[in-house]
$ cat run-v5.cif   # mmCIF, C-alpha atoms
data_work
#
loop_
_atom_site.label_atom_id
_atom_site.label_comp_id
_atom_site.auth_asym_id
_atom_site.auth_seq_id
_atom_site.Cartn_x
_atom_site.Cartn_y
_atom_site.Cartn_z
CA MET A 24 -0.83 -52.74 -71.27
CA ALA A 25 -2.84 -52.40 -68.12
CA LYS A 26 -5.68 -50.70 -69.89
CA SER A 27 -6.41 -53.69 -72.09
CA ASP A 28 -7.66 -55.46 -68.97
CA ASP A 29 -10.88 -53.59 -69.34
CA PRO A 30 -11.99 -52.99 -72.93
CA TYR A 31 -14.60 -50.45 -71.80
CA GLU A 32 -11.91 -48.43 -70.12
CA THR A 33 -9.60 -48.77 -73.14
CA LEU A 34 -12.24 -47.27 -75.40
CA GLY A 35 -13.39 -44.81 -72.74
CA VAL A 36 -17.02 -45.89 -72.88
CA ALA A 37 -19.53 -46.83 -70.20
CA ARG A 38 -20.46 -50.44 -69.53
CA GLY A 39 -23.89 -49.85 -70.95
CA ALA A 40 -22.58 -48.14 -74.12
CA SER A 41 -24.48 -48.82 -77.34
CA GLN A 42 -22.81 -50.42 -80.36
CA ALA A 43 -22.85 -47.00 -82.02
CA GLU A 44 -21.07 -45.40 -79.07
CA ILE A 45 -18.47 -48.14 -79.07
CA ARG A 46 -17.94 -47.75 -82.80
CA ALA A 47 -17.59 -43.97 -82.50
CA ALA A 48 -15.14 -44.26 -79.62
CA TYR A 49 -13.08 -46.80 -81.53
CA ARG A 50 -12.97 -44.66 -84.67
CA LYS A 51 -11.85 -41.64 -82.73
CA LEU A 52 -8.99 -43.54 -81.13
CA ALA A 53 -8.07 -45.39 -84.32
CA LYS A 54 -7.62 -42.10 -86.16
CA GLN A 55 -5.31 -40.95 -83.46
CA HIS A 56 -3.21 -44.05 -82.96
CA HIS A 57 -3.26 -45.99 -86.23
CA PRO A 58 0.31 -47.29 -86.53
CA ASP A 59 0.51 -46.71 -90.28
CA LEU A 60 -0.17 -43.05 -89.61
CA ASN A 61 2.32 -42.97 -86.74
CA PRO A 62 5.30 -44.88 -88.07
CA GLY A 63 8.05 -45.29 -85.52
CA ASN A 64 5.80 -44.39 -82.60
CA LYS A 65 5.77 -47.50 -80.39
CA ALA A 66 3.33 -46.02 -77.89
CA ALA A 67 0.79 -45.31 -80.61
CA GLU A 68 1.23 -48.84 -81.89
CA ALA A 69 0.61 -50.39 -78.47
CA ARG A 70 -2.33 -48.14 -77.87
CA PHE A 71 -3.82 -49.02 -81.24
CA LYS A 72 -3.44 -52.74 -80.54
CA ALA A 73 -5.30 -52.35 -77.26
CA VAL A 74 -8.00 -50.21 -78.86
CA SER A 75 -8.44 -52.71 -81.72
CA ALA A 76 -8.65 -55.63 -79.33
CA ALA A 77 -11.19 -53.83 -77.18
CA ASN A 78 -13.24 -52.96 -80.23
CA GLU A 79 -12.97 -56.52 -81.53
CA LEU A 80 -14.37 -57.79 -78.27
CA LEU A 81 -17.10 -55.23 -77.64
CA SER A 82 -18.36 -54.94 -81.21
CA ASP A 83 -19.24 -58.63 -81.23
CA PRO A 84 -22.43 -58.96 -79.09
CA ASP A 85 -21.71 -62.63 -78.36
CA LYS A 86 -18.13 -62.00 -77.17
CA ARG A 87 -19.19 -58.84 -75.35
CA GLY A 88 -21.82 -60.88 -73.45
CA ARG A 89 -19.30 -63.56 -72.54
CA PHE A 90 -16.84 -60.94 -71.32
CA ASP A 91 -19.56 -59.16 -69.33
CA ARG A 92 -20.46 -62.46 -67.70
CA GLY A 93 -16.81 -63.11 -66.94
CA GLU A 94 -16.57 -66.16 -69.21
CA ILE A 95 -13.57 -64.77 -71.11
CA ASP A 96 -11.00 -62.15 -70.35
CA ALA A 97 -9.95 -59.33 -72.61
CA SER A 98 -6.52 -60.61 -73.51
CA GLY A 99 -7.84 -63.99 -74.63
CA GLN A 100 -9.17 -62.42 -77.78
CA GLU A 101 -6.53 -62.01 -80.39
CA ALA A 102 -7.23 -59.79 -83.29
CA PRO A 103 -6.57 -61.39 -86.70
CA PRO A 104 -3.02 -60.73 -87.94
CA ARG A 105 -2.80 -57.27 -89.45
CA HIS A 106 -1.08 -56.43 -92.67
CA SER A 107 1.06 -53.64 -91.49
CA TYR A 108 1.55 -51.26 -94.39
CA ARG A 109 4.16 -49.48 -92.39
CA GLU A 110 6.57 -52.41 -92.27
CA HIS A 111 6.48 -52.75 -96.06
CA ALA A 112 6.50 -49.06 -96.77
CA GLU A 113 9.59 -48.40 -94.71
CA ALA A 114 11.48 -51.25 -96.34
CA GLY A 115 12.78 -51.26 -99.90
CA ALA A 116 9.36 -52.40 -101.15
CA GLY A 117 7.98 -49.01 -100.15
CA ARG A 118 9.70 -47.49 -103.16
CA ARG A 119 6.78 -48.95 -105.13
CA TYR A 120 4.73 -46.04 -103.82
CA GLY A 121 7.57 -43.59 -103.49
CA ALA A 122 8.18 -40.45 -105.50
CA GLY A 123 10.60 -42.15 -107.88
CA GLY A 124 8.31 -45.10 -108.69
CA PRO A 125 9.16 -48.81 -108.20
CA GLN A 126 12.38 -48.59 -110.22
CA GLY A 127 13.33 -45.22 -108.78
CA GLN A 128 16.60 -44.63 -107.05
CA ALA A 129 16.35 -44.33 -103.31
CA TRP A 130 18.56 -41.26 -103.45
CA SER A 131 19.05 -38.82 -106.24
CA GLN A 132 21.92 -36.38 -106.41
CA ALA A 133 19.41 -33.62 -105.71
CA ASP A 134 18.30 -35.37 -102.51
CA ILE A 135 21.86 -35.67 -101.37
CA ASP A 136 22.51 -32.02 -102.16
CA ASP A 137 19.34 -31.08 -100.30
CA MET A 138 20.27 -32.98 -97.22
CA PHE A 139 23.95 -32.23 -97.13
CA GLY A 140 23.90 -28.87 -98.83
CA SER A 141 24.32 -26.93 -95.68
CA MET A 142 26.79 -29.40 -94.16
CA PHE A 143 29.16 -29.81 -97.03
CA THR A 144 29.15 -26.58 -98.97
CA GLU A 145 32.50 -25.32 -100.09
CA GLU A 146 32.52 -22.45 -97.68
CA ALA A 147 31.90 -24.54 -94.62
CA HIS A 148 34.22 -27.23 -95.81
CA GLY A 149 37.04 -24.99 -96.94
CA GLY A 150 36.65 -25.82 -100.62
CA THR A 151 39.30 -24.64 -102.99
CA ARG A 152 37.43 -23.25 -105.96
CA PRO A 153 38.57 -19.64 -106.48
CA ARG A 154 35.73 -17.26 -105.77
CA ARG A 155 35.43 -13.58 -106.54
CA GLY A 156 34.81 -11.31 -103.58
CA HIS A 157 31.55 -9.43 -103.15
CA ASP A 158 30.98 -5.95 -104.48
CA GLU A 159 30.65 -3.38 -101.74
CA HIS A 160 28.48 -0.29 -101.96
CA TYR A 161 29.30 3.15 -100.56
CA VAL A 162 27.92 6.65 -100.87
CA LEU A 163 30.24 9.63 -101.09
CA THR A 164 28.97 13.21 -101.00
CA ALA A 165 31.07 15.41 -103.23
CA ALA A 166 31.35 19.20 -103.08
CA PHE A 167 29.73 20.94 -106.06
CA LEU A 168 32.97 22.22 -107.49
CA ASP A 169 34.74 18.88 -107.03
CA ALA A 170 32.00 17.29 -109.13
CA VAL A 171 32.32 19.98 -111.83
CA ASN A 172 36.07 20.18 -112.05
CA GLY A 173 37.00 16.68 -110.91
CA ALA A 174 38.99 15.91 -107.77
CA VAL A 175 40.48 13.13 -105.72
CA ARG A 176 38.86 12.58 -102.35
CA ARG A 177 39.70 10.11 -99.63
CA LEU A 178 36.94 7.79 -98.47
CA THR A 179 37.35 5.94 -95.18
CA LEU A 180 35.62 2.55 -95.29
CA PRO A 181 33.86 0.99 -92.32
CA ASP A 182 36.70 -1.50 -91.94
CA GLY A 183 39.23 1.32 -91.55
CA ARG A 184 40.68 1.05 -95.04
CA THR A 185 40.90 4.27 -97.00
CA LEU A 186 40.20 4.64 -100.67
CA ASP A 187 41.32 7.52 -102.85
CA VAL A 188 38.32 8.14 -105.02
CA LYS A 189 38.89 9.99 -108.25
CA ILE A 190 35.80 12.08 -108.86
CA PRO A 191 35.73 12.64 -112.60
CA VAL A 192 35.13 16.01 -114.27
CA GLY A 193 31.44 16.71 -114.78
CA THR A 194 30.16 14.08 -112.35
CA THR A 195 26.39 14.11 -112.05
CA ASP A 196 24.34 13.42 -108.96
CA GLY A 197 23.76 9.68 -108.44
CA GLN A 198 26.62 8.61 -110.72
CA VAL A 199 28.25 5.37 -109.58
CA LEU A 200 31.97 4.84 -109.72
CA ARG A 201 33.32 1.31 -109.86
CA LEU A 202 36.68 0.83 -108.23
CA ARG A 203 37.92 -2.50 -109.50
CA GLY A 204 39.31 -4.84 -106.91
CA GLN A 205 38.47 -2.57 -103.96
CA GLY A 206 35.51 -4.59 -102.72
CA GLY A 207 35.39 -7.74 -100.59
CA PRO A 208 38.45 -9.99 -100.78
CA GLY A 209 38.34 -13.03 -103.07
CA ARG A 210 38.74 -16.55 -101.69
CA HIS A 211 41.12 -19.25 -102.74
CA GLY A 212 42.97 -17.02 -105.16
CA GLY A 213 39.82 -15.47 -106.63
CA PRO A 214 39.84 -11.78 -107.49
CA ALA A 215 38.54 -9.19 -105.04
CA GLY A 216 35.13 -7.66 -105.71
CA ASP A 217 34.65 -4.04 -106.70
CA ALA A 218 33.79 -1.04 -104.58
CA LEU A 219 30.76 0.72 -106.03
CA ILE A 220 30.65 4.35 -104.95
CA GLU A 221 27.53 6.37 -105.52
CA LEU A 222 28.28 10.06 -105.69
CA ARG A 223 25.88 12.58 -104.25
CA ILE A 224 26.57 16.18 -105.07
CA ALA A 225 26.07 18.88 -102.49
CA PRO A 226 24.38 22.07 -103.72
CA HIS A 227 26.48 25.22 -104.18
CA ARG A 228 25.88 28.55 -102.58
CA PHE A 229 25.36 30.35 -105.91
CA PHE A 230 26.22 28.06 -108.79
CA VAL A 231 23.52 25.88 -110.26
CA ARG A 232 24.27 23.06 -112.64
CA ASP A 233 22.28 22.94 -115.87
CA GLY A 234 23.72 20.12 -117.96
CA GLN A 235 27.11 21.31 -119.11
CA ASP A 236 26.27 24.92 -118.29
CA ILE A 237 26.49 26.61 -114.95
CA ARG A 238 23.94 29.23 -114.04
CA LEU A 239 24.61 32.13 -111.74
CA GLU A 240 22.68 35.16 -110.61
CA LEU A 241 25.01 38.15 -110.82
CA PRO A 242 24.15 41.25 -108.76
CA VAL A 243 25.13 44.52 -110.51
CA ARG A 244 24.95 48.17 -109.64
CA LEU A 245 22.45 50.43 -111.31
CA SER A 246 25.31 52.33 -112.91
CA GLU A 247 26.95 49.08 -114.17
CA ALA A 248 23.65 48.00 -115.72
CA VAL A 249 22.93 51.31 -117.42
CA LEU A 250 26.40 52.42 -118.38
CA GLY A 251 28.04 49.04 -118.78
CA GLY A 252 31.53 48.30 -117.60
CA PRO A 253 33.91 45.66 -116.43
CA VAL A 254 32.92 43.29 -113.63
CA GLU A 255 34.54 40.24 -112.03
CA ILE A 256 32.48 37.09 -112.23
CA PRO A 257 33.17 33.89 -110.27
CA THR A 258 33.24 30.76 -112.45
CA PRO A 259 34.01 27.16 -111.46
CA GLY A 260 37.46 27.68 -112.94
CA GLY A 261 38.13 30.92 -111.07
CA VAL A 262 37.26 34.60 -111.30
CA VAL A 263 36.91 36.03 -114.78
CA ARG A 264 36.65 39.67 -115.86
CA MET A 265 34.09 40.65 -118.44
CA ARG A 266 32.26 43.71 -119.64
CA ILE A 267 28.63 44.30 -118.95
CA PRO A 268 27.10 45.92 -122.06
CA PRO A 269 25.42 49.28 -121.60
CA HIS A 270 21.65 49.31 -121.18
CA SER A 271 21.53 45.94 -119.42
CA ASP A 272 18.78 45.23 -116.95
CA THR A 273 17.67 42.71 -114.36
CA GLY A 274 17.19 39.44 -116.25
CA THR A 275 19.77 40.16 -118.92
CA GLU A 276 21.79 36.97 -119.42
CA LEU A 277 25.48 37.10 -120.11
CA ARG A 278 27.10 34.00 -121.52
CA LEU A 279 30.74 33.20 -120.88
CA ARG A 280 31.66 30.59 -123.46
CA GLY A 281 33.55 27.58 -122.16
CA ARG A 282 33.38 28.71 -118.56
CA GLY A 283 30.86 26.11 -117.41
CA VAL A 284 31.62 22.43 -116.83
CA PRO A 285 34.97 21.65 -118.47
CA ALA A 286 35.01 19.40 -121.52
CA HIS A 287 35.06 15.72 -120.59
CA GLY A 288 34.48 12.55 -122.53
CA LYS A 289 32.71 13.53 -125.72
CA LEU A 290 31.07 16.59 -124.20
CA PRO A 291 32.49 20.04 -125.04
CA ALA A 292 32.89 22.53 -122.26
CA GLY A 293 29.68 24.26 -121.17
CA ASP A 294 29.07 27.95 -120.63
CA LEU A 295 28.62 30.09 -117.60
CA ARG A 296 25.29 31.89 -117.85
CA ALA A 297 25.14 34.88 -115.56
CA ARG A 298 21.74 36.45 -115.15
CA LEU A 299 21.96 40.04 -113.98
CA ARG A 300 20.11 41.36 -110.99
CA VAL A 301 20.21 45.10 -110.54
CA VAL A 302 20.82 46.09 -106.95
CA ILE A 303 20.13 49.73 -106.08
CA GLY A 304 21.65 49.56 -102.66
CA ARG A 305 21.36 52.40 -100.22
CA ALA A 306 19.92 55.34 -102.10
CA ASP A 307 21.48 58.76 -101.42
CA ALA A 308 20.38 62.37 -101.83
CA ALA A 309 21.99 62.71 -105.26
CA LEU A 310 20.05 59.72 -106.59
CA GLU A 311 16.86 61.08 -105.12
CA ALA A 312 17.48 64.53 -106.63
CA PHE A 313 18.30 63.01 -110.00
CA LEU A 314 15.17 60.85 -110.06
CA ARG A 315 12.95 63.73 -108.99
CA ASP A 316 14.13 65.77 -111.98
CA TRP A 317 14.28 62.80 -114.34
CA LYS A 318 11.77 62.76 -117.20
CA PRO A 319 12.16 59.24 -118.70
CA GLU A 320 12.10 59.07 -122.47
CA HIS A 321 10.64 55.52 -122.46
CA ASP A 322 8.36 55.46 -119.43
CA ALA A 323 6.84 52.00 -119.86
CA ASP A 324 4.97 50.49 -116.94
CA PRO A 325 6.98 47.45 -115.82
CA ARG A 326 3.79 45.99 -114.36
CA ALA A 327 1.75 46.31 -117.50
CA ALA A 328 1.97 42.60 -118.30
CA LEU A 329 0.67 41.77 -114.82
CA MET A 330 -2.35 44.02 -115.30
CA GLY A 331 -3.13 42.77 -118.82
CA ALA A 332 -3.01 46.36 -120.08
CA GLY A 333 -0.71 48.35 -122.34
CA THR A 334 2.27 47.01 -124.28
CA GLY A 335 4.66 46.48 -121.42
CA GLU A 336 8.08 45.19 -122.39
CA GLY A 337 9.73 42.04 -121.14
CA ALA A 338 6.50 40.12 -120.41
CA MET B 87 1.77 -64.42 -106.30
CA ILE B 88 -1.48 -62.99 -105.01
CA GLY B 89 -4.41 -62.52 -107.36
CA ILE B 90 -7.22 -60.00 -106.97
CA GLU B 91 -9.67 -62.67 -105.73
CA MET B 92 -7.32 -63.60 -102.94
CA VAL B 93 -6.97 -59.96 -101.87
CA VAL B 94 -10.73 -59.49 -101.77
CA THR B 95 -11.08 -62.67 -99.70
CA ARG B 96 -8.29 -61.74 -97.33
CA ILE B 97 -9.53 -58.29 -96.47
CA PRO B 98 -12.92 -58.08 -94.77
CA GLY B 99 -15.12 -55.25 -95.98
CA LEU B 100 -13.39 -54.97 -99.35
CA ARG B 101 -15.44 -55.16 -102.51
CA ARG B 102 -13.82 -56.08 -105.78
CA GLU B 103 -15.18 -53.03 -107.62
CA ASP B 104 -13.71 -50.72 -104.97
CA LEU B 105 -10.33 -52.30 -105.41
CA GLU B 106 -10.55 -52.05 -109.19
CA ARG B 107 -11.39 -48.36 -108.90
CA TRP B 108 -8.46 -47.79 -106.56
CA ILE B 109 -6.18 -49.52 -109.04
CA ALA B 110 -7.57 -47.33 -111.82
CA ASN B 111 -6.82 -44.29 -109.60
CA ALA B 112 -3.27 -45.63 -109.10
CA TRP B 113 -3.76 -45.63 -105.32
CA VAL B 114 -2.84 -49.32 -105.49
CA ARG B 115 -0.35 -50.44 -108.09
CA PRO B 116 -0.23 -54.22 -108.58
CA ASP B 117 1.84 -55.75 -111.38
CA GLY B 118 0.20 -56.88 -114.60
CA GLN B 119 -2.89 -55.83 -116.53
CA ALA B 120 -6.60 -55.73 -115.69
CA GLY B 121 -7.76 -59.31 -115.26
CA PHE B 122 -4.24 -60.53 -114.51
CA TYR B 123 -3.14 -58.42 -111.61
CA THR B 124 -0.57 -59.85 -109.24
CA PHE B 125 -0.24 -58.22 -105.84
CA HIS B 126 2.82 -58.00 -103.63
CA GLU B 127 2.46 -58.08 -99.87
CA ILE B 128 2.90 -54.32 -99.75
CA ASP B 129 -0.01 -53.88 -102.17
CA VAL B 130 -2.24 -56.04 -99.98
CA ALA B 131 -1.18 -54.09 -96.88
CA ARG B 132 -1.90 -50.84 -98.71
CA VAL B 133 -5.35 -52.06 -99.70
CA GLN B 134 -6.01 -52.94 -96.09
CA LEU B 135 -4.83 -49.49 -95.01
CA ILE B 136 -7.13 -47.80 -97.53
CA VAL B 137 -10.06 -49.93 -96.28
CA GLU B 138 -9.25 -48.88 -92.70
CA LEU B 139 -8.88 -45.25 -93.68
CA ARG B 140 -12.25 -45.40 -95.36
CA ASP B 141 -14.21 -47.55 -92.90
CA GLU B 142 -12.65 -46.86 -89.55
CA MET B 143 -11.13 -43.44 -89.89
CA GLU B 144 -13.91 -42.09 -92.08
CA VAL B 145 -11.62 -40.64 -94.72
CA ASP B 146 -13.89 -40.49 -97.71
CA GLU B 147 -12.66 -41.24 -101.20
CA HIS B 148 -12.44 -37.55 -102.12
CA ALA B 149 -9.93 -36.97 -99.36
CA LEU B 150 -8.07 -40.25 -99.80
CA PRO B 151 -5.63 -39.08 -102.52
CA VAL B 152 -4.46 -36.26 -100.25
CA VAL B 153 -3.97 -38.60 -97.32
CA LEU B 154 -2.19 -41.19 -99.46
CA ALA B 155 0.07 -38.59 -101.04
CA LEU B 156 1.09 -37.30 -97.61
CA LEU B 157 1.64 -40.82 -96.32
CA ASP B 158 3.76 -41.66 -99.36
CA GLN B 159 5.89 -38.62 -98.70
CA LEU B 160 6.19 -39.53 -95.04
CA TYR B 161 7.34 -43.05 -95.88
CA ASP B 162 9.69 -41.77 -98.57
CA THR B 163 11.31 -39.57 -95.98
CA ARG B 164 11.47 -42.34 -93.41
CA ARG B 165 13.03 -44.78 -95.90
CA ARG B 166 15.64 -42.21 -96.70
CA MET B 167 16.27 -41.55 -93.07
CA HIS B 168 16.77 -45.27 -92.48
CA ASP B 169 19.11 -45.44 -95.49
CA LEU B 170 21.01 -42.50 -94.10
CA CYS B 171 21.28 -44.06 -90.68
CA ASP B 172 22.45 -47.35 -92.20
CA ALA B 173 25.04 -45.53 -94.25
CA LEU B 174 26.22 -43.62 -91.17
CA ARG B 175 26.46 -46.84 -89.16
CA ARG B 176 28.49 -48.49 -91.89
CA THR B 177 30.84 -45.66 -92.69
CA VAL B 178 31.19 -43.34 -89.73
CA PRO B 179 33.81 -44.15 -87.08
CA PRO B 180 32.24 -45.13 -83.73
CA GLU B 181 33.55 -42.08 -81.87
CA LEU B 182 31.96 -39.79 -84.42
CA GLN B 183 28.71 -41.72 -84.10
CA THR B 184 28.85 -41.06 -80.37
CA THR B 185 29.46 -37.36 -81.01
CA LEU B 186 26.56 -37.25 -83.46
CA ALA B 187 24.23 -39.00 -81.03
CA ALA B 188 25.26 -36.57 -78.29
CA ALA B 189 24.66 -33.59 -80.58
CA LEU B 190 21.18 -34.87 -81.47
CA GLU B 191 20.45 -35.52 -77.81
CA GLY B 192 21.53 -31.95 -77.05
CA ASP B 193 19.28 -30.59 -79.81
CA ARG B 194 16.36 -32.42 -78.33
CA ARG B 195 17.05 -31.04 -74.90
CA ASP B 196 17.33 -27.41 -75.80
CA PRO B 197 15.51 -26.74 -79.00
#

$ encode --input "run-v5.cif" --output "structure tokens"
Amino acid sequence: MAKSDDPYETLGVARGASQAEIRAAYRKLAKQHHPDLNPGNKAAEARFKAVSAANELLSDPDKRGRFDRGEIDASGQEAPPRHSYREHAEAGAGRRYGAGGPQGQAWSQADIDDMFGSMFTEEAHGGTRPRRGHDEHYVLTAAFLDAVNGAVRRLTLPDGRTLDVKIPVGTTDGQVLRLRGQGGPGRHGGPAGDALIELRIAPHRFFVRDGQDIRLELPVRLSEAVLGGPVEIPTPGGVVRMRIPPHSDTGTELRLRGRGVPAHGKLPAGDLRARLRVVIGRADAALEAFLRDWKPEHDADPRAALMGAGTGEGA
Amino acid sequence: MIGIEMVVTRIPGLRREDLERWIANAWVRPDGQAGFYTFHEIDVARVQLIVELRDEMEVDEHALPVVLALLDQLYDTRRRMHDLCDALRRTVPPELQTTLAAALEGDRRDP
């Protein structure tokens, strides 16, 4: 404690410092080094003792004068014995002011769990309680027709395992399949978790899903539309032949019962709804000649509804 | 057994009404009822600490409960740490104690 040789130096004040300056310097250092606020810090404790002794000496004008005149030295002045709160508080008596109160247990089970939780958990310690594996999540994009008709598709997992996923009939976009026991492995005899597979459905080139029905735009010849006749129509279940009724037009909807999404669960099979689109194709001289001579019996303006005039049909 | 008069005499700068207020605030918790308080050494030391916090460290009484609550938590933790160390000393084989000490030393060196 070399610094205690000179109390002015210990407090960091000048020889001519006023009582107020000494007091302020002492307070500043006391806040920093008070041993009850720095438990276990021996350096702080020693520093505080020196600061207290210096303050004791310099705050007493009589002692300060005697020191200044060289009549006493700094270490001759012992501070009165301190009641160290720290010594009591760290011992069993400290429980008096502890969280559990004077009668409180030093350690609760929760404390022990808190402190040792990470050290002694079952996983780290190889505990033996059976634990179910985690569920694992995957996304599988299914072809449109696979989702309508149902299919089995193979999914390769990131860990190299393969899963045969049964895509059910009538699967909708975003539907999640749960494959029991195909997730993370269980531990200590626990069951494996499940694989949860979210199905995304790719759009089709010409089929559009509408609930249980499938919609389709069916191009037809002018002659087929006017005269009617048999055509072949693709459906999810394969090509089907049907007759187009005479006097059909663009926008006429043909309904093929039961040719949409097959029945599944409690849902009956849907329909295929084919909406006709008349395609003239490459016009030839005969068509031109016919149209030039043609005097239509019902010459309605197809644009009448757009113009807000007349009684145009099919508005 | 230490009575309230004795505490007031022993601690310079302490007024009886301050101490009574601190007891009412439960910052100091002697045994017994008003008028018949008996103080343990730890209570006296705590009173002295509160006086020092107030007079020397300029912690005013509005801030004192915060400071005391933090100190109580600090000492709680330190008591537990001492208990833990005692328990380790009593129960852990010496070679494991050495390993533990080395591990802690290592932690301190590269945090």

$ residues_around --input "run-v5.cif" --residues "range 178-183 of chain A" --least-positions-apart "5" --cutoff "10 Å" --atoms "only C-alpha atoms" --output "list in words"
Tyr161, Val162, Leu163, Thr164, Val188 and Ile220 of chain A

$ write_last_selection --input "run-v5.cif" --atoms "C-alpha atoms" --output "PDB file, keeping the file's coordinate frame"
ATOM      1  CA  TYR A 161      29.300   3.150-100.560  1.00  0.00           C
ATOM      2  CA  VAL A 162      27.920   6.650-100.870  1.00  0.00           C
ATOM      3  CA  LEU A 163      30.240   9.630-101.090  1.00  0.00           C
ATOM      4  CA  THR A 164      28.970  13.210-101.000  1.00  0.00           C
ATOM      5  CA  VAL A 188      38.320   8.140-105.020  1.00  0.00           C
ATOM      6  CA  ILE A 220      30.650   4.350-104.950  1.00  0.00           C
TER       7      ILE A 220
END

$ closest_atom_pairs --input "run-v5.cif" --of "chain A" --to "chain B" --cutoff "6 Å" --atoms "all atoms listed in the file" --output "JSON lines"
{"residue": "A:Arg50", "atom": "CA", "partner": "B:Glu142", "partner_atom": "CA", "distance": 5.4}
{"residue": "A:Lys54", "atom": "CA", "partner": "B:Met143", "partner_atom": "CA", "distance": 5.3}
{"residue": "A:His106", "atom": "CA", "partner": "B:Ala131", "partner_atom": "CA", "distance": 4.8}
{"residue": "A:Ser107", "atom": "CA", "partner": "B:Ala131", "partner_atom": "CA", "distance": 5.9}
{"residue": "A:Tyr108", "atom": "CA", "partner": "B:Ala131", "partner_atom": "CA", "distance": 4.7}
{"residue": "A:His111", "atom": "CA", "partner": "B:Ile128", "partner_atom": "CA", "distance": 5.4}
{"residue": "A:Glu113", "atom": "CA", "partner": "B:Arg165", "partner_atom": "CA", "distance": 5.1}
{"residue": "A:Gly121", "atom": "CA", "partner": "B:Asp162", "partner_atom": "CA", "distance": 5.7}

$ atom_distance --input "run-v5.cif" --atom1 "CA of Arg176 in chain A" --atom2 "CA of Val192 in chain A"
13.0 Å

$ resolve_selection --input "run-v5.cif" --expression "the PyMOL selection byres ((chain A and resi 26-37) around 10)" --output "ChimeraX atom specification"
/A:24-25,38-41,44-52,70-81,87,90,96-98

$ residues_around --input "run-v5.cif" --residues "range 100-103 of chain B" --least-positions-apart "5" --cutoff "8 Å" --atoms "only C-alpha atoms" --output "PDB file with C-alpha atoms, in the coordinates of the input"
ATOM      1  CA  ILE B  90      -7.220 -60.000-106.970  1.00  0.00           C
ATOM      2  CA  GLU B  91      -9.670 -62.670-105.730  1.00  0.00           C
ATOM      3  CA  VAL B  94     -10.730 -59.490-101.770  1.00  0.00           C
ATOM      4  CA  VAL B 137     -10.060 -49.930 -96.280  1.00  0.00           C
TER       5      VAL B 137
END

$ build_atoms --input "run-v5.cif" --residues "range 255-267 of chain A" --atoms "N, CA and C atoms" --output "compact mmCIF listing (two decimals), in the frame of the given file"
# COMPACT_ATOMS: atom_id res chain seq x y z
N GLU A 255 33.88 41.54 -112.27
CA GLU A 255 34.54 40.24 -112.03
C GLU A 255 33.46 39.23 -111.72
N ILE A 256 33.50 38.11 -112.40
CA ILE A 256 32.48 37.09 -112.23
C ILE A 256 33.15 35.78 -111.77
N PRO A 257 32.61 35.19 -110.66
CA PRO A 257 33.17 33.89 -110.27
C PRO A 257 32.71 32.81 -111.24
N THR A 258 33.60 31.92 -111.64
CA THR A 258 33.24 30.76 -112.45
C THR A 258 33.84 29.55 -111.74
N PRO A 259 33.43 28.35 -112.10
CA PRO A 259 34.01 27.16 -111.46
C PRO A 259 35.51 27.08 -111.64
N GLY A 260 36.02 27.73 -112.70
CA GLY A 260 37.46 27.68 -112.94
C GLY A 260 38.19 28.88 -112.35
N GLY A 261 37.48 29.75 -111.64
CA GLY A 261 38.13 30.92 -111.07
C GLY A 261 37.43 32.19 -111.53
N VAL A 262 37.91 33.32 -111.00
CA VAL A 262 37.26 34.60 -111.30
C VAL A 262 37.68 35.07 -112.70
N VAL A 263 36.68 35.57 -113.42
CA VAL A 263 36.91 36.03 -114.78
C VAL A 263 36.40 37.46 -114.89
N ARG A 264 37.12 38.29 -115.64
CA ARG A 264 36.65 39.67 -115.86
C ARG A 264 35.89 39.72 -117.17
N MET A 265 34.80 40.43 -117.18
CA MET A 265 34.09 40.65 -118.44
C MET A 265 33.39 41.99 -118.40
N ARG A 266 32.94 42.43 -119.55
CA ARG A 266 32.26 43.71 -119.64
C ARG A 266 30.76 43.48 -119.65
N ILE A 267 30.08 44.30 -118.86
CA ILE A 267 28.63 44.30 -118.95
C ILE A 267 28.27 45.30 -120.02
